[in-house]
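Have a look at the structure below, then the notes.
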Amino acid sequence: MPGRLMPHTVTVVTPAKTADAYGNDVYDYGPGATRTTGVKAWLEQSQRAAVTAQGADPLQEKWLMVTNHSPVARRARIEWANSPHGPLVFELDGQPAAAFNPLQHTPLHHTELTLKIVDG
């Protein structure tokens, strides 16, 4: 995807993976995580209306991120420091989706990510 179509700059945070005392996976997004800075992207809020389903979180928002950066790990978080609403942190909601263009020599055209805001 042409860089001119990706005006936002984000940081992709790939967590460090450790095990707790019971052998369960624990993901650390702190200093031990790998941070890829300067990733160009397009971010847009794809769910703008409040969720009205009974029992649903009315503050849940869905976002779309389009980027040429690949791969993006399934457990990665996205930090958008220069959001118009102040710094935001997202987590992936589902698997990253590769978008292909069969007319190009390299078939991967871009990657699309469905995101949700991390609270707390």
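Here, A, B, ... name the chains of the structure tokens in the order displayed, residue numbers run from 1 inside each chain, and ligands are numbered from 1 in the same displayed order.
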Considering only strand (DSSP E) as DSSP defines it on the backbone, what residues of chain A qualify? List them as a PyMOL selection string.
chain A and resi 8-14+16-19+25-28+34-45+63-67+77-80+88-92+97-100+108-117
Write out as a PyMOL selection string which residues come within 6 Å of Val13 in chain A when counting only C-alpha atoms, dropping same-chain ones fewer than 4 positions away.
chain A and resi 34-35+76-77
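When only C-alpha atoms are used to measure the gap to Phe90 in chain A, the shortest distance among A:His109, A:His69, A:Lys116, A:Arg74 belongs to A:Lys116.
Around Thr111 in chain A, within 10 Å and counting only C-alpha atoms, the residues found are Met1, Ala41, Met65, Val66, Thr67, Asn68, His69, Ser70, Pro71, Val72, Pro96, Ala97, Ala98, Ala99 and Phe100 of chain A, once anything fewer than 6 positions away on its own chain is removed.
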Dump of N, CA and C atoms for the selected residues, as a tab-separated table (two decimals), in the first residue's frame:
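Okay, this is what ended up in result38.tsv:
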chain	number	residue	atom	x	y	z
A	1	MET	N	0.85	-1.16	0.00
A	1	MET	CA	0.00	0.00	0.00
A	1	MET	C	0.90	1.23	0.00
A	41	ALA	N	0.78	3.54	9.36
A	41	ALA	CA	-0.50	2.84	9.37
A	41	ALA	C	-1.63	3.81	9.07
A	65	MET	N	-6.95	-1.14	11.57
A	65	MET	CA	-5.61	-0.66	11.26
A	65	MET	C	-5.15	-1.34	9.99
A	66	VAL	N	-4.64	-0.54	9.05
A	66	VAL	CA	-4.07	-1.05	7.80
A	66	VAL	C	-2.60	-0.65	7.80
A	67	THR	N	-1.72	-1.60	7.51
A	67	THR	CA	-0.29	-1.33	7.53
A	67	THR	C	0.44	-2.22	6.54
A	68	ASN	N	1.63	-1.80	6.17
A	68	ASN	CA	2.52	-2.64	5.37
A	68	ASN	C	3.45	-3.46	6.26
A	69	HIS	N	3.44	-3.16	7.55
A	69	HIS	CA	4.32	-3.86	8.49
A	69	HIS	C	3.85	-5.31	8.64
A	70	SER	N	4.78	-6.22	8.53
A	70	SER	CA	4.45	-7.63	8.66
A	70	SER	C	5.69	-8.38	9.13
A	71	PRO	N	5.54	-9.38	9.95
A	71	PRO	CA	4.31	-9.87	10.54
A	71	PRO	C	3.95	-9.09	11.81
A	72	VAL	N	2.70	-9.18	12.20
A	72	VAL	CA	2.23	-8.65	13.47
A	72	VAL	C	1.76	-9.86	14.28
A	96	PRO	N	-4.47	-11.24	12.61
A	96	PRO	CA	-4.13	-10.30	11.55
A	96	PRO	C	-4.52	-10.90	10.20
A	97	ALA	N	-5.05	-10.07	9.31
A	97	ALA	CA	-5.51	-10.57	8.00
A	97	ALA	C	-4.61	-10.03	6.91
A	98	ALA	N	-4.00	-10.94	6.17
A	98	ALA	CA	-3.17	-10.55	5.03
A	98	ALA	C	-4.07	-10.26	3.84
A	99	ALA	N	-3.84	-9.13	3.17
A	99	ALA	CA	-4.60	-8.77	1.97
A	99	ALA	C	-3.65	-8.90	0.78
A	100	PHE	N	-4.07	-9.65	-0.22
A	100	PHE	CA	-3.20	-9.97	-1.34
A	100	PHE	C	-3.63	-9.25	-2.60
Fewer than 5 positions away in the same chain doesn't count, so skip those; otherwise give me all residues within 12 Å of Val26 in chain A, counting only C-alpha atoms, as a PyMOL selection string.
chain A and resi 15-21+33+75
Would you mind exporting the chosen residues as a PDB file, in the first residue's frame, restricted to N, CA and C atoms?
ATOM      1  N   PRO A  15       4.882  -8.892  22.986  1.00  0.00           N
ATOM      2  CA  PRO A  15       5.184  -9.181  24.390  1.00  0.00           C
ATOM      3  C   PRO A  15       6.259 -10.241  24.568  1.00  0.00           C
ATOM      4  N   ALA A  16       6.944 -10.135  25.702  1.00  0.00           N
ATOM      5  CA  ALA A  16       7.843 -11.197  26.131  1.00  0.00           C
ATOM      6  C   ALA A  16       6.970 -12.282  26.756  1.00  0.00           C
ATOM      7  N   LYS A  17       7.272 -13.512  26.460  1.00  0.00           N
ATOM      8  CA  LYS A  17       6.452 -14.624  26.959  1.00  0.00           C
ATOM      9  C   LYS A  17       7.234 -15.386  28.021  1.00  0.00           C
ATOM     10  N   THR A  18       6.616 -15.532  29.181  1.00  0.00           N
ATOM     11  CA  THR A  18       7.199 -16.311  30.268  1.00  0.00           C
ATOM     12  C   THR A  18       6.130 -17.254  30.800  1.00  0.00           C
ATOM     13  N   ALA A  19       6.503 -18.061  31.770  1.00  0.00           N
ATOM     14  CA  ALA A  19       5.548 -18.975  32.399  1.00  0.00           C
ATOM     15  C   ALA A  19       5.444 -18.630  33.877  1.00  0.00           C
ATOM     16  N   ASP A  20       4.214 -18.732  34.395  1.00  0.00           N
ATOM     17  CA  ASP A  20       4.033 -18.500  35.828  1.00  0.00           C
ATOM     18  C   ASP A  20       4.372 -19.779  36.594  1.00  0.00           C
ATOM     19  N   ALA A  21       4.154 -19.773  37.895  1.00  0.00           N
ATOM     20  CA  ALA A  21       4.510 -20.907  38.754  1.00  0.00           C
ATOM     21  C   ALA A  21       3.750 -22.182  38.388  1.00  0.00           C
ATOM     22  N   ALA A  33       9.334  -6.429  26.595  1.00  0.00           N
ATOM     23  CA  ALA A  33       8.680  -6.591  25.295  1.00  0.00           C
ATOM     24  C   ALA A  33       9.532  -5.977  24.182  1.00  0.00           C
ATOM     25  N   ARG A  75      -0.601 -11.672  19.655  1.00  0.00           N
ATOM     26  CA  ARG A  75      -0.710 -11.079  20.989  1.00  0.00           C
ATOM     27  C   ARG A  75      -0.130  -9.664  21.059  1.00  0.00           C
TER      28      ARG A  75
END
If you measure from CA of Tyr29 in chain A to CA of Ile78 in chain A, what distance in Å do you get, rounded to one decimal?
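Here the two named atoms are 10.7 Å from each other.
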Using Å and a single decimal, report how far CA of Gly3 in chain A sits from CA of Gly94 in chain A.
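It comes out at 24.8 Å.
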So what do you get for CA of Leu43 in chain A versus CA of Gly30 in chain A, distance-wise?
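Spanning CA of Leu43 in chain A to CA of Gly30 in chain A is a straight-line distance of 23.4 Å.
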In terms of the shortest atom-to-atom distance over only C-alpha atoms, which of A:Ser46, A:Asn101, A:Thr114, A:Thr37 is closest to Val10 in chain A?
A:Thr37
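With only C-alpha atoms as the atoms that count, the minimum distance from Ser83 in chain A to the choices A:Gln45, A:Gly23, A:Leu5, A:Glu61 is reached by A:Gln45.
With distances restricted to only C-alpha atoms, A:Ala73 is the closest residue to Leu92 in chain A from A:Trp42, A:Asp25, A:Pro31, A:Ala73.
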